[in-house]
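Participant: Let me give you the structure first, and then I'll get to my questions.
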Protein chains: 4
Amino acid sequence: MGKKGLLERLDAGEVVIGDGGFVFELEKRGYVKAGPWTPEVCLEHPEVVRGLHREFLRAGSDVMQTFTFYASDDKLCNRGNEAGVKFTCRQVNDAACRLAHEVAAEGDALVAGGISQTPSYLSGLGKKATQAEFKKQVDVFVENKVDFLIAEYFEHVEEMEWAIESLASSGLPVCATMCIGPEGDLHGVSAGQCAVRMARAGAHAVGVNCHFDPFVSLEAVRLMKEALAEAGLKAHLMAQPLAIWTPDTKKQGFIDQPEFPFALEPRIMTRWEIQKYARQAYELGVRYIGGCCMFQAYHIRAVAEELREERGKLPAAHQKHELWGGGLLLHTKPWVRARASREYWSRLSPATGRPYSAALSRPAGWGVTAGHQELLQHKEPTTQHELDAVNDKFKEAEA
Amino acid sequence: MGKKGLLERLDAGEVVIGDGGFVFELEKRGYVKAGPWTPEVCLEHPEVVRGLHREFLRAGSDVMQTFTFYASDDKLCNRGNEAGVKFTCRQVNDAACRLAHEVAAEGDALVAGGISQTPSYLSGLGKKATQAEFKKQVDVFVENKVDFLIAEYFEHVEEMEWAIESLASSGLPVCATMCIGPEGDLHGVSAGQCAVRMARAGAHAVGVNCHFDPFVSLEAVRLMKEALAEAGLKAHLMAQPLAIWTPDTKKQGFIDQPEFPFALEPRIMTRWEIQKYARQAYELGVRYIGGCCMFQAYHIRAVAEELREERGKLPAAHQKHELWGGGLLLHTKPWVRARASREYWSRLSPATGRPYSAALSRPAGWGVTAGHQELLQHKEPTTQHELDAVNDKFKEAEA
Amino acid sequence: MGKKGLLERLDAGEVVIGDGGFVFELEKRGYVKAGPWTPEVCLEHPEVVRGLHREFLRAGSDVMQTFTFYASDDKLCNRGNEAGVKFTCRQVNDAACRLAHEVAAEGDALVAGGISQTPSYLSGLGKKATQAEFKKQVDVFVENKVDFLIAEYFEHVEEMEWAIESLASSGLPVCATMCIGPEGDLHGVSAGQCAVRMARAGAHAVGVNCHFDPFVSLEAVRLMKEALAEAGLKAHLMAQPLAIWTPDTKKQGFIDQPEFPFALEPRIMTRWEIQKYARQAYELGVRYIGGCCMFQAYHIRAVAEELREERGKLPAAHQKHELWGGGLLLHTKPWVRARASREYWSRLSPATGRPYSAALSRPAGWGVTAGHQELLQHKEPTTQHELDAVNDKFKEAEA
Amino acid sequence: MGKKGLLERLDAGEVVIGDGGFVFELEKRGYVKAGPWTPEVCLEHPEVVRGLHREFLRAGSDVMQTFTFYASDDKLCNRGNEAGVKFTCRQVNDAACRLAHEVAAEGDALVAGGISQTPSYLSGLGKKATQAEFKKQVDVFVENKVDFLIAEYFEHVEEMEWAIESLASSGLPVCATMCIGPEGDLHGVSAGQCAVRMARAGAHAVGVNCHFDPFVSLEAVRLMKEALAEAGLKAHLMAQPLAIWTPDTKKQGFIDQPEFPFALEPRIMTRWEIQKYARQAYELGVRYIGGCCMFQAYHIRAVAEELREERGKLPAAHQKHELWGGGLLLHTKPWVRARASREYWSRLSPATGRPYSAALSRPAGWGVTAGHQELLQHKEPTTQHELDAVNDKFKEAEA
């Protein structure tokens with residue numbers, strides 16, 4: 001295989017474009033359930049996952065990441081999730097690998113196996129139990145000969161260290177992104193210190209994914225970069241943020257915003273906003289640039305278009321999108337044709353169309369972290385009694 | 001075939017759920033070009049069109065509408081569009097019919113052949129030339145045995161009458177929706193009068209599609225209903241609006257908003273807003289309820305969920321979505337589980353996350369209509385000279 | 001006396017600039033109580049009223065309107081208001097006349113005696129009782145030799161007709177402005193028909209004051225103008241709107257907005273917005289142009305500055321304000337000096353500084369009108385029992 | 001004199017309520033010119049200054065601060081200001097002292113002489129020249145037997161130290177407030193360090209005034225408090241912020257916001273927002289609590305009402321304002337009477353009425369500081385040539 005590996009690319013200073021988000025997009029398409037967010041669609045409707053991989057490939061993604069988010073056995077079974085009744089972790093991960101490989105082969109893309117945080121850790125079951133969950137996924141990734149591994153969406157650097165240890169045992173390159181912002185992890189470890197610990201644990205590339213908008217996320221990566229430099233560590237930088245605006249998040253990110261997850265639409269970013277992110281990420285030294293929830297194919301294409309000179313190429317889907325809205329020259333109305341320019345789109349501050357909405361909201365969130373009583377998970381569905389306790393706590397907070 | 005026809009369903013008072021929008025969604029996925037907006041993807045990537053049909057079917061759509069928007073020969077060739085070089089109207093329409101049939105057969109859905117307004121009319125070429133374009137599409141629809149026909153996205157009722165005449169010659173049921181709001185068509189014909197003329201021209205169902213948000217659109221349909229009643233005419237009512245907020249449009253709709261088409265994201269509606277639309281549409285007496293641009297599968301599912309009692313069923317994709325966010329009971333964080341209720345989502349006014357954006361913008365648009373010099377179309381690409389003339393006109397308006 | 005009378009001025013096509021609002025401004029200064037809004041300050045702190053008259057005179061007002069809003073005996077005593085215990089209608093009106101005369105004499109201003117709607121009418125006490133209240137005020141105005149009379153702030157044209165009849169008996173010129181918008185009066189009489197009835201009842205100038213923003217108010221005046229023309233009536237046009245934005249009001253105006261009266265600050269208009277109002281009012285043919293609540297001296301000065309050419313003069317307070325921010329040329333910071341231009345201020349859309357606020361709110365209001373049980377007034381303070389009934393009604397509406 | 005002195009009050013832990021803003025309020029009333037902002041109204045219209053003092057006294061102010069802002073000779077003559085042609089520093093300051101004394105004698109209020117930053121310092125003329133300007137004011141204050149002195153509105157702590165030195169020579173108590181936020185002074189000195197230097201220079205009370213909203217200002221005061229504690233210094237804390245929202249300011253505050261000074265209306269705070277400020281200031285340990293620009297009498301009354309228990313009294317103007325809108329019980333409409341409660345007003349997030357406005361704007365400002373070429377002042381009016389240079393710089397920044 002002539003395919004260049006991840007580290008070869010990054011070491012050479014090349015930009016590696018990640019993919020976008022699967023769970024939110026497939027939820028909208030009707031194949032993933034919000035709440036558990038588990039990826040059994042890989043088995044239920046493989047053609048749908050294949051189709052989404054292909055959208056990202058065409059848009060410029062250099063990586064086909066297996067859709068194995070939350071695909072550990074403990075998560076597939078959490079709180080009455082039926083996914084775990086029907087499918088095992090092994091089955092889901094195996095199917096996901098095959099789908100990613102299939103589409104990657106249609107282009108020059110790498111395949112990355114991905115793992116994420118676990119209910120086991122959240123419930124305080126400890127290192128051994130948590131790593132046992134990771135190992136089941138890693139085994140499948142190795143069998144399926146993925147090109148590299150990603151540990152992503154970790155709120156606590158301690159669990160992330162355990163995850164990196166599990167991934168590193170494979171001998172494959174390891175990327176590690178936490179879902180944190182500039183305030184650091186949920187146990188109070190600073191963003192910079194998280195980066196240092198991830199690098200020391202063996203990650204080749206470190207950064208953030210999910211939970212925050214691109215600009216808040218880059219601020220966290222900047223803190224990571226500084227801390228790595230100060231510690232004399234070398235690691236590639238990586239960013240896979242949300243494609244929504246979250247200027248009003250606190251430590252826990254968009255999960256705690258009142259609009260999560262069913263009323264985030266007004267926050268969705270335009271392609272022009274994403275181009276700014278791509279440029280700023282590049283200028284900060286981030287070379288693995290992708291997206292997470294709400295990041296659709298056209299957002300990835302915007303990254304590829306913004307960095308076309310650095311990469312020396314444009315993606316397949318560019319055939320259906322000229323730079324800075326150039327395709328509008330074919331529109332029938334003259335005043336719309338007049339919008340076919342960089343000047344127009346880069347200056348426009350889009351109206352929201354929502355006069356009854358405020359710009360910002362106040363996040364909820366109780367500051368509880370892994371191991372806290374209120375975060376203990378179980379296989380049984382949530383009871384009314386549990387819900388009442390939550391609502392009582394909200395009422396107390398208001399009073 | 002045991003499948004009940006469109007008129008059987010509507011005459012029986014049943015709700016018929018249309019599908020959502022293809023051009024904007026496939027533009028985002030990388031398969032349609034904004035500007036020309038033509039559907040050659042039916043030939044270039046048929047599996048993608050099939051996939052989108054299937055999303056709508058799973059979401060509850062009773063109709064698979066052929067993706068033949070702007071698929072007339074004069075439009076495929078307009079202003080340098082390469083689609084017309086590669087494919088003929090016949091080829092595109094034929095492929096689209098096959099794709100719609102394929103997916104419709106996976107459920108109980110009807111297949112509808114669709115036509116839309118033409119550059120020929122806009123350029124003032126007259127009835128004969130315009131109907132010649134329509135006829136080429138209708139011939140293919142008849143050969144492919146579609147269940148009924150839709151004339152949609154017409155800005156001028158005069159062209160719509162010609163279209164209905166062309167469709168009616170097939171003997172199939174005809175639906176007719178104009179892309180107008182309460183202010184009526186671009187030649188100054190009131191919304192009510194448009195409905196009367198559509199019904200008199202032979203349409204079995206009349207209403208509006210595209211250009212305006214659901215609530216503005218329903219106001220136009222209300223005016224149509226009143227005018228039909230006053231004229232003693234009977235026609236079923238139909239609505240397929242945008243899934244974005246457009247409280248700030250004028251006569252020409254979202255096309256003229258500065259954000260069109262690449263910065264409309266903040267206006268995208270939530271599923272809960274769409275549920276309100278479905279309810280209001282039903283209460284107004286609209287029985288063909290669907291969507292247009294930005295209307296994704298989860299929006300269609302919201303229509304189906306809102307009208308589950310009236311329809312006596314829930315769609316396949318409901319398996320991945322419980323009513324009013326019920327799936328959140330499986331979330332790991334207690335304060336997110338507390339959002340699993342109708343009370344929570346129906347009361348929430350979502351923040352926009354955009355403190356540098358205004359709520360409303362002022363639409364452009366010059367009040368020119370079919371036949372006007374500035375709207376003449378041609379096969380050649382737009383020249384710089386033409387663009388300069390437009391920009392001069394903008395400068396004059398500002399001065 | 002060389003002073004030209006009101007009708008002389010208006011008949012000659014001259015612009016007559018009214019004054020601004022007293023109740024809100026003096027509430028902020030600590031001399032008027034929100035709720036009753038009665039003007040006993042004329043007796044309690046005459047120098048304060050004199051000072052505010054003078055601000056308006058200096059700003060360009062051609063009229064010193066007696067501060068006799070809600071100064072009828074039935075209002076001074078309503079719902080436990082102590083004003084009526086201390087002072088009679090006669091005392092308040094008499095003091096107000098003297099203060100207006102005093103300041104008017106410092107310039108070329110006219111003195112206008114003003115009356116407004118009464119609890120007697122609202123409580124359904126009938127024409128005789130209501131006119132008895134008006135008569136007490138008119139008698140004082142006549143004794144004090146005011147130049148003309150104004151009936152303002154009437155929600156029902158029926159009471160307005162009774163008021164005009166009372167004022168006209170004095171032989172003085174009569175102006176009449178209702179606090180209505182384009183939807184007309186609270187009994188369902190259209191804005192146009194209100195104008196016709198006011199003119200027929202004997203008003204020399206008709207229009208609107210209070211309750212709506214300048215642009216909504218001018219729309220109401222436009223309807224009045226058309227109806228007068230259609231009825232073949234001649235009357236001068238008059239506008240004294242709020243200096244706050246109310247794009248979200250319904251029939252009853254700002255009273256029903258949730259922010260009334262203690263959270264209206266974000267809606268306050270800038271001087272530049274008021275200049276646009278002055279221009280539009282003039283272009284519509286309104287010649288008596290003033291303001292109501294929230295209209296401060298600098299807003300009146302903006303009217304005078306905008307119409308400086310039509311009036312051939314600038315007001316005294318212009319000495320402290322150059323056109324279009326010219327005084328900023330004396331600022332110490334260069335980038336602030338650069339704002340000293342019409343181009344800068346006429347284009348600026350001011351940020352609100354309020355990211356947690358929506359742009360619009362939904363007005364309350366129950367559609368009740370004069371004579372309705374819920375609007376009956378009494379001398380005794382509001383009881384808890386009455387309040388509970390109101391809150392029950394709100395709860396019902398929410399459920 | 002039975003009047004307790006400032007330090008007696010503060011040392012005893014009493015709350016001292018300052019006054020509100022004079023320049024913006026008198027600009028609106030037509031007596032002060034925006035740009036130069038100089039207080040020659042003390043001589044031109046003394047009754048107006050007296051009236052405004054009285055509003056604050058009635059609202060609860062314990063201090064009548066002489067209206068001597070920008071009343072140094074170099075400022076009265078700056079850039080063509082005519083004030084300096086007509087009046088000397090001595091005349092203006094003398095008149096201001098008499099007016100403050102007059103009104104203070106109507107109550108229990110103290111008189112404070114105030115000085116502010118000078119063009120001399122800004123132009124780099126050095127300590128001697130700058131202190132010469134201060135001395136002329138201090139001499140008048142001493143002659144007029146004011147109770148204490150305030151150095152306020154300094155952007156550079158170096159000039160502030162010179163000012164405190166000048167004031168301290170009088171032997172009177174000295175308060176010192178800089179117009180800075182949490183980012184510190186314009187020369188890069190941190191807020192905490194500014195406090196330390198002010199205390200060491202001899203100020204008895206230190207804090208901030210102007211330039212930022214109450215909550216941003218309190219954050220700066222919190223930093224000051226911490227730094228004073230760390231340095232082992234004792235000084236009373238003081239806050240006199242704007243009564244407008246400035247969440248979007250940077251280091252230089254509201255001066256640099258595009259809306260300054262003629263389009264700040266939407267940012268004006270409600271009385272309820274000011275009550276929150278008063279409570280937070282008190283809880284932080286601030287005991288001299290007042291306001292600056294846009295702080296009107298009703299805002300000061302809100303401070304006095306919020307702290308009524310701590311102070312054991314309510315101000316005179318409370319007679320016209322019941323707590324939490326209680327006066328609305330006298331309103332004629334039942335749904336407005338229902339708003340007479342703390343619950344209602346403390347929860348309301350007021351709509352802005354401005355759907356074409358964004359929530360935030362981006363401040364201008366060039367980072368230039370005292371002594372910088374671009375900030376050199378002169379007596380002659382600003383020339384077109386100077387203005388062109390500014391505009392060129394703006395164009396460069398945009399390009």
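Identifiers in the structure tokens: chain A, B, ... in order shown; residue index from 1 per chain; ligand index from 1 in order shown.
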What residues in stretch 160-285 of chain C get the DSSP label helix (DSSP H, G or I)? Please answer as a PyMOL selection string.

Facilitator: chain C and resi 160-168+191-201+214-230+253-256+265-267+271-284

Participant: Write out the residues from the selection above, keeping C-alpha atoms, as a short mmCIF file (atom, residue, chain, number, x, y, z; two decimals), in the first residue's frame.

Facilitator:
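Final file, out.cif:
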```cif
data_model
loop_
_atom_site.label_atom_id
_atom_site.label_comp_id
_atom_site.auth_asym_id
_atom_site.auth_seq_id
_atom_site.Cartn_x
_atom_site.Cartn_y
_atom_site.Cartn_z
CA MET C 160 -63.11 61.30 22.77
CA GLU C 161 -66.22 62.73 21.12
CA TRP C 162 -67.58 63.69 24.51
CA ALA C 163 -64.25 65.31 25.34
CA ILE C 164 -64.09 67.28 22.10
CA GLU C 165 -67.62 68.49 22.74
CA SER C 166 -66.56 69.69 26.19
CA LEU C 167 -63.45 71.42 24.86
CA ALA C 168 -65.18 72.98 21.86
CA ALA C 191 -58.24 54.37 12.97
CA GLY C 192 -59.68 56.08 9.92
CA GLN C 193 -63.17 56.17 11.35
CA CYS C 194 -61.82 57.55 14.62
CA ALA C 195 -60.30 60.46 12.70
CA VAL C 196 -63.56 61.11 10.88
CA ARG C 197 -65.51 61.12 14.12
CA MET C 198 -62.99 63.38 15.84
CA ALA C 199 -63.12 65.86 12.99
CA ARG C 200 -66.90 65.77 12.89
CA ALA C 201 -67.01 66.29 16.66
CA PRO C 214 -43.30 56.77 16.01
CA PHE C 215 -43.42 54.57 12.95
CA VAL C 216 -46.40 52.49 14.04
CA SER C 217 -48.10 55.75 15.04
CA LEU C 218 -47.48 57.33 11.65
CA GLU C 219 -49.05 54.30 10.02
CA ALA C 220 -52.18 55.02 12.08
CA VAL C 221 -52.05 58.69 11.07
CA ARG C 222 -51.75 57.63 7.44
CA LEU C 223 -54.97 55.66 7.77
CA MET C 224 -56.59 58.69 9.40
CA LYS C 225 -55.44 60.95 6.59
CA GLU C 226 -56.90 58.65 3.97
CA ALA C 227 -60.22 58.34 5.78
CA LEU C 228 -60.50 62.12 6.22
CA ALA C 229 -59.82 62.62 2.53
CA GLU C 230 -62.39 60.02 1.61
CA GLY C 253 -49.92 49.32 22.74
CA PHE C 254 -47.06 49.39 25.17
CA ILE C 255 -49.23 49.18 28.27
CA ASP C 256 -49.64 45.51 27.58
CA GLU C 265 -35.14 51.12 28.78
CA PRO C 266 -33.74 48.99 25.95
CA ARG C 267 -36.46 50.32 23.66
CA ARG C 271 -31.84 61.00 18.47
CA TRP C 272 -31.11 59.70 14.99
CA GLU C 273 -34.12 57.42 15.03
CA ILE C 274 -36.24 60.39 16.07
CA GLN C 275 -34.88 62.43 13.17
CA LYS C 276 -36.22 59.75 10.83
CA TYR C 277 -39.58 60.03 12.52
CA ALA C 278 -39.62 63.81 12.11
CA ARG C 279 -38.86 63.50 8.42
CA GLN C 280 -41.47 60.82 7.81
CA ALA C 281 -44.07 62.72 9.78
CA TYR C 282 -43.41 65.84 7.74
CA GLU C 283 -43.56 63.93 4.49
CA LEU C 284 -46.89 62.42 5.47
#
```

Participant: Quick one: which residues from chain D are at most 12 Å off chain A, using only C-alpha atoms, as a compact mmCIF listing (two decimals) with N, CA, C and O atoms, in the first residue's frame?

Facilitator:
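So iface-v7.txt came out as:
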```
# COMPACT_ATOMS: atom_id res chain seq x y z
N GLU D 343 -41.39 39.25 42.46
CA GLU D 343 -41.26 38.07 41.62
C GLU D 343 -41.32 38.47 40.15
O GLU D 343 -40.55 38.00 39.32
N ARG D 347 -37.58 38.63 37.78
CA ARG D 347 -37.43 37.55 36.80
C ARG D 347 -37.45 38.01 35.35
O ARG D 347 -37.02 37.29 34.46
N SER D 349 -36.74 39.32 31.87
CA SER D 349 -35.62 39.69 31.01
C SER D 349 -36.20 40.55 29.90
O SER D 349 -36.90 40.05 29.03
N PRO D 350 -35.96 41.85 29.94
CA PRO D 350 -36.70 42.74 29.05
C PRO D 350 -36.33 42.58 27.59
O PRO D 350 -35.16 42.48 27.25
N ALA D 351 -37.33 42.52 26.73
CA ALA D 351 -37.09 42.52 25.29
C ALA D 351 -36.51 43.87 24.89
O ALA D 351 -36.74 44.89 25.55
N THR D 352 -35.77 43.87 23.81
CA THR D 352 -35.11 45.11 23.38
C THR D 352 -35.95 45.93 22.42
O THR D 352 -35.67 47.10 22.21
N GLY D 353 -36.95 45.33 21.81
CA GLY D 353 -37.73 46.05 20.80
C GLY D 353 -36.94 46.38 19.55
O GLY D 353 -37.39 47.16 18.71
N ARG D 354 -35.78 45.77 19.40
CA ARG D 354 -34.87 46.14 18.31
C ARG D 354 -34.43 44.91 17.50
O ARG D 354 -33.29 44.47 17.62
N PRO D 355 -35.31 44.40 16.67
CA PRO D 355 -34.95 43.20 15.91
C PRO D 355 -33.87 43.41 14.85
O PRO D 355 -33.34 42.43 14.36
N TYR D 356 -33.54 44.63 14.54
CA TYR D 356 -32.47 44.87 13.57
C TYR D 356 -31.13 45.16 14.23
O TYR D 356 -30.17 45.52 13.57
N SER D 357 -31.09 45.02 15.54
CA SER D 357 -29.85 45.26 16.27
C SER D 357 -29.25 43.94 16.74
O SER D 357 -29.97 43.02 17.12
N ALA D 358 -27.93 43.88 16.74
CA ALA D 358 -27.24 42.76 17.38
C ALA D 358 -27.14 43.03 18.88
O ALA D 358 -27.35 44.16 19.33
N ALA D 359 -26.79 42.00 19.63
CA ALA D 359 -26.64 42.18 21.08
C ALA D 359 -25.32 42.86 21.41
O ALA D 359 -25.24 43.70 22.30
N LEU D 360 -24.29 42.50 20.71
CA LEU D 360 -22.96 43.04 21.02
C LEU D 360 -22.37 43.74 19.81
O LEU D 360 -22.74 43.48 18.68
N SER D 361 -21.44 44.64 20.08
CA SER D 361 -20.70 45.26 18.98
C SER D 361 -19.21 45.15 19.28
O SER D 361 -18.81 44.78 20.38
N GLU D 398 -9.18 48.16 7.91
CA GLU D 398 -10.17 47.31 7.23
C GLU D 398 -9.55 46.48 6.11
O GLU D 398 -10.00 45.38 5.82
N ALA D 399 -8.55 47.07 5.47
CA ALA D 399 -8.00 46.42 4.26
C ALA D 399 -7.19 45.17 4.63
O ALA D 399 -6.90 44.89 5.78
```

Participant: Name the residues in contact with B:Gly327 at a cut-off of 9 Å, using only C-alpha atoms, excluding same-chain residues fewer than 2 positions from it; report them as a ChimeraX atom specification.

Facilitator: /A:33-36 /B:320-325,329-331,337,340

Participant: Selection from above, all heavy atoms, as a tab-separated table (two decimals), in the first residue's frame, can you write it?

Facilitator:
```tsv
chain	number	residue	atom	x	y	z
A	33	LYS	N	-30.45	7.26	18.02
A	33	LYS	CA	-31.38	7.78	19.02
A	33	LYS	C	-30.66	8.74	19.96
A	33	LYS	O	-29.65	8.38	20.58
A	33	LYS	CB	-31.93	6.61	19.82
A	33	LYS	CG	-33.03	6.98	20.79
A	33	LYS	CD	-33.69	5.71	21.32
A	33	LYS	CE	-34.91	6.02	22.16
A	33	LYS	NZ	-35.67	4.79	22.44
A	34	ALA	N	-31.21	9.94	20.07
A	34	ALA	CA	-30.64	10.92	21.00
A	34	ALA	C	-30.91	10.46	22.43
A	34	ALA	O	-32.02	10.05	22.75
A	34	ALA	CB	-31.26	12.29	20.77
A	35	GLY	N	-29.93	10.58	23.27
A	35	GLY	CA	-30.03	10.11	24.65
A	35	GLY	C	-28.93	9.07	24.82
A	35	GLY	O	-27.88	9.38	25.37
A	36	PRO	N	-29.15	7.83	24.30
A	36	PRO	CA	-28.05	6.86	24.34
A	36	PRO	C	-26.97	7.19	23.32
A	36	PRO	O	-25.79	7.00	23.59
A	36	PRO	CB	-28.76	5.53	24.00
A	36	PRO	CG	-30.06	5.89	23.38
A	36	PRO	CD	-30.44	7.23	23.94
B	320	LYS	N	-36.31	5.56	16.60
B	320	LYS	CA	-35.11	6.23	17.08
B	320	LYS	C	-35.43	7.60	17.69
B	320	LYS	O	-34.56	8.46	17.80
B	320	LYS	CB	-34.12	6.41	15.91
B	320	LYS	CG	-33.60	5.11	15.33
B	320	LYS	CD	-32.70	4.36	16.31
B	320	LYS	CE	-32.20	3.05	15.70
B	320	LYS	NZ	-31.36	2.29	16.65
B	321	HIS	N	-36.66	7.81	18.06
B	321	HIS	CA	-37.04	9.12	18.61
B	321	HIS	C	-38.31	8.99	19.41
B	321	HIS	O	-39.38	8.78	18.86
B	321	HIS	CB	-37.28	10.11	17.46
B	321	HIS	CG	-37.47	11.52	17.94
B	321	HIS	ND1	-38.70	12.13	17.99
B	321	HIS	CD2	-36.59	12.41	18.41
B	321	HIS	CE1	-38.55	13.36	18.45
B	321	HIS	NE2	-37.29	13.56	18.71
B	322	GLU	N	-38.22	9.15	20.70
B	322	GLU	CA	-39.44	9.09	21.48
B	322	GLU	C	-40.09	10.46	21.54
B	322	GLU	O	-39.43	11.48	21.36
B	322	GLU	CB	-39.12	8.54	22.88
B	322	GLU	CG	-38.69	7.08	22.74
B	322	GLU	CD	-38.25	6.45	24.05
B	322	GLU	OE1	-38.97	6.65	25.04
B	322	GLU	OE2	-37.19	5.80	24.05
B	323	LEU	N	-41.37	10.48	21.77
B	323	LEU	CA	-42.11	11.75	21.78
B	323	LEU	C	-41.51	12.71	22.80
B	323	LEU	O	-41.15	12.31	23.91
B	323	LEU	CB	-43.57	11.49	22.12
B	323	LEU	CG	-44.32	10.66	21.06
B	323	LEU	CD1	-45.74	10.41	21.53
B	323	LEU	CD2	-44.31	11.37	19.71
B	324	TRP	N	-41.43	13.96	22.41
B	324	TRP	CA	-41.00	15.03	23.31
B	324	TRP	C	-39.68	14.72	24.03
B	324	TRP	O	-39.53	14.98	25.22
B	324	TRP	CB	-42.10	15.35	24.33
B	324	TRP	CG	-43.30	15.91	23.65
B	324	TRP	CD1	-44.50	15.29	23.44
B	324	TRP	CD2	-43.41	17.20	23.04
B	324	TRP	NE1	-45.34	16.11	22.73
B	324	TRP	CE2	-44.71	17.29	22.48
B	324	TRP	CE3	-42.55	18.30	22.89
B	324	TRP	CZ2	-45.17	18.42	21.79
B	324	TRP	CZ3	-43.00	19.42	22.22
B	324	TRP	CH2	-44.29	19.47	21.68
B	325	GLY	N	-38.76	14.15	23.28
B	325	GLY	CA	-37.42	13.97	23.82
B	325	GLY	C	-37.29	12.85	24.83
B	325	GLY	O	-36.35	12.85	25.64
B	329	LEU	N	-34.12	10.15	28.62
B	329	LEU	CA	-34.11	9.38	29.87
B	329	LEU	C	-32.92	8.43	29.92
B	329	LEU	O	-32.53	7.96	30.99
B	329	LEU	CB	-35.41	8.60	30.04
B	329	LEU	CG	-36.63	9.45	30.35
B	329	LEU	CD1	-37.88	8.60	30.41
B	329	LEU	CD2	-36.43	10.19	31.69
B	330	LEU	N	-32.32	8.16	28.75
B	330	LEU	CA	-31.16	7.28	28.71
B	330	LEU	C	-29.84	8.05	28.77
B	330	LEU	O	-28.77	7.46	28.64
B	330	LEU	CB	-31.19	6.42	27.43
B	330	LEU	CG	-32.20	5.26	27.39
B	330	LEU	CD1	-33.61	5.72	27.15
B	330	LEU	CD2	-31.78	4.25	26.34
B	331	HIS	N	-29.92	9.36	28.92
B	331	HIS	CA	-28.69	10.15	28.97
B	331	HIS	C	-27.96	9.93	30.30
B	331	HIS	O	-28.58	9.62	31.30
B	331	HIS	CB	-29.03	11.64	28.78
B	331	HIS	CG	-27.87	12.45	28.29
B	331	HIS	ND1	-26.94	12.98	29.13
B	331	HIS	CD2	-27.46	12.77	27.05
B	331	HIS	CE1	-26.01	13.62	28.42
B	331	HIS	NE2	-26.30	13.50	27.15
B	337	ARG	N	-31.41	14.32	31.58
B	337	ARG	CA	-32.58	13.43	31.68
B	337	ARG	C	-33.83	14.23	32.05
B	337	ARG	O	-34.93	13.92	31.61
B	337	ARG	CB	-32.32	12.34	32.73
B	337	ARG	CG	-31.27	11.33	32.30
B	337	ARG	CD	-31.35	10.02	33.08
B	337	ARG	NE	-30.98	10.13	34.48
B	337	ARG	CZ	-29.72	10.05	34.96
B	337	ARG	NH1	-28.70	9.90	34.12
B	337	ARG	NH2	-29.49	10.14	36.24
B	340	ALA	N	-36.50	15.45	29.42
B	340	ALA	CA	-37.29	14.50	28.63
B	340	ALA	C	-38.78	14.73	28.80
B	340	ALA	O	-39.51	13.85	29.27
B	340	ALA	CB	-36.91	13.07	29.03
```

Participant: Identify, on the basis of only C-alpha atoms, every residue whose closest approach to stretch 296-311 of chain C does not exceed 6 Å; exclude the query and any residue fewer than 5 positions from it along the same chain; express the result as an MDAnalysis selection string.

Facilitator: (chainID C and resid 20 55:56 59:60 271 275 278) or (chainID D and resid 28:29)

Participant: For atom CA of C:Ala109 and atom CA of C:Ser61, quote the distance in Å rounded to one decimal.

Facilitator: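 Taking atom CA of C:Ala109 and atom CA of C:Ser61, their separation equals 7.2 Å.
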
Participant: Quote the spacing between atom CA of C:Thr332 and atom CA of D:Asn78 in Å to one decimal place.

Facilitator: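 Result for atom CA of C:Thr332 versus atom CA of D:Asn78: 8.5 Å, one decimal.
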
Participant: Run DSSP on the backbone of this structure and report the residues of stretch 61-195 of chain A it assigns to strand (DSSP E), as a ChimeraX atom specification.

Facilitator: /A:63-65,110-115,148-154,174-178
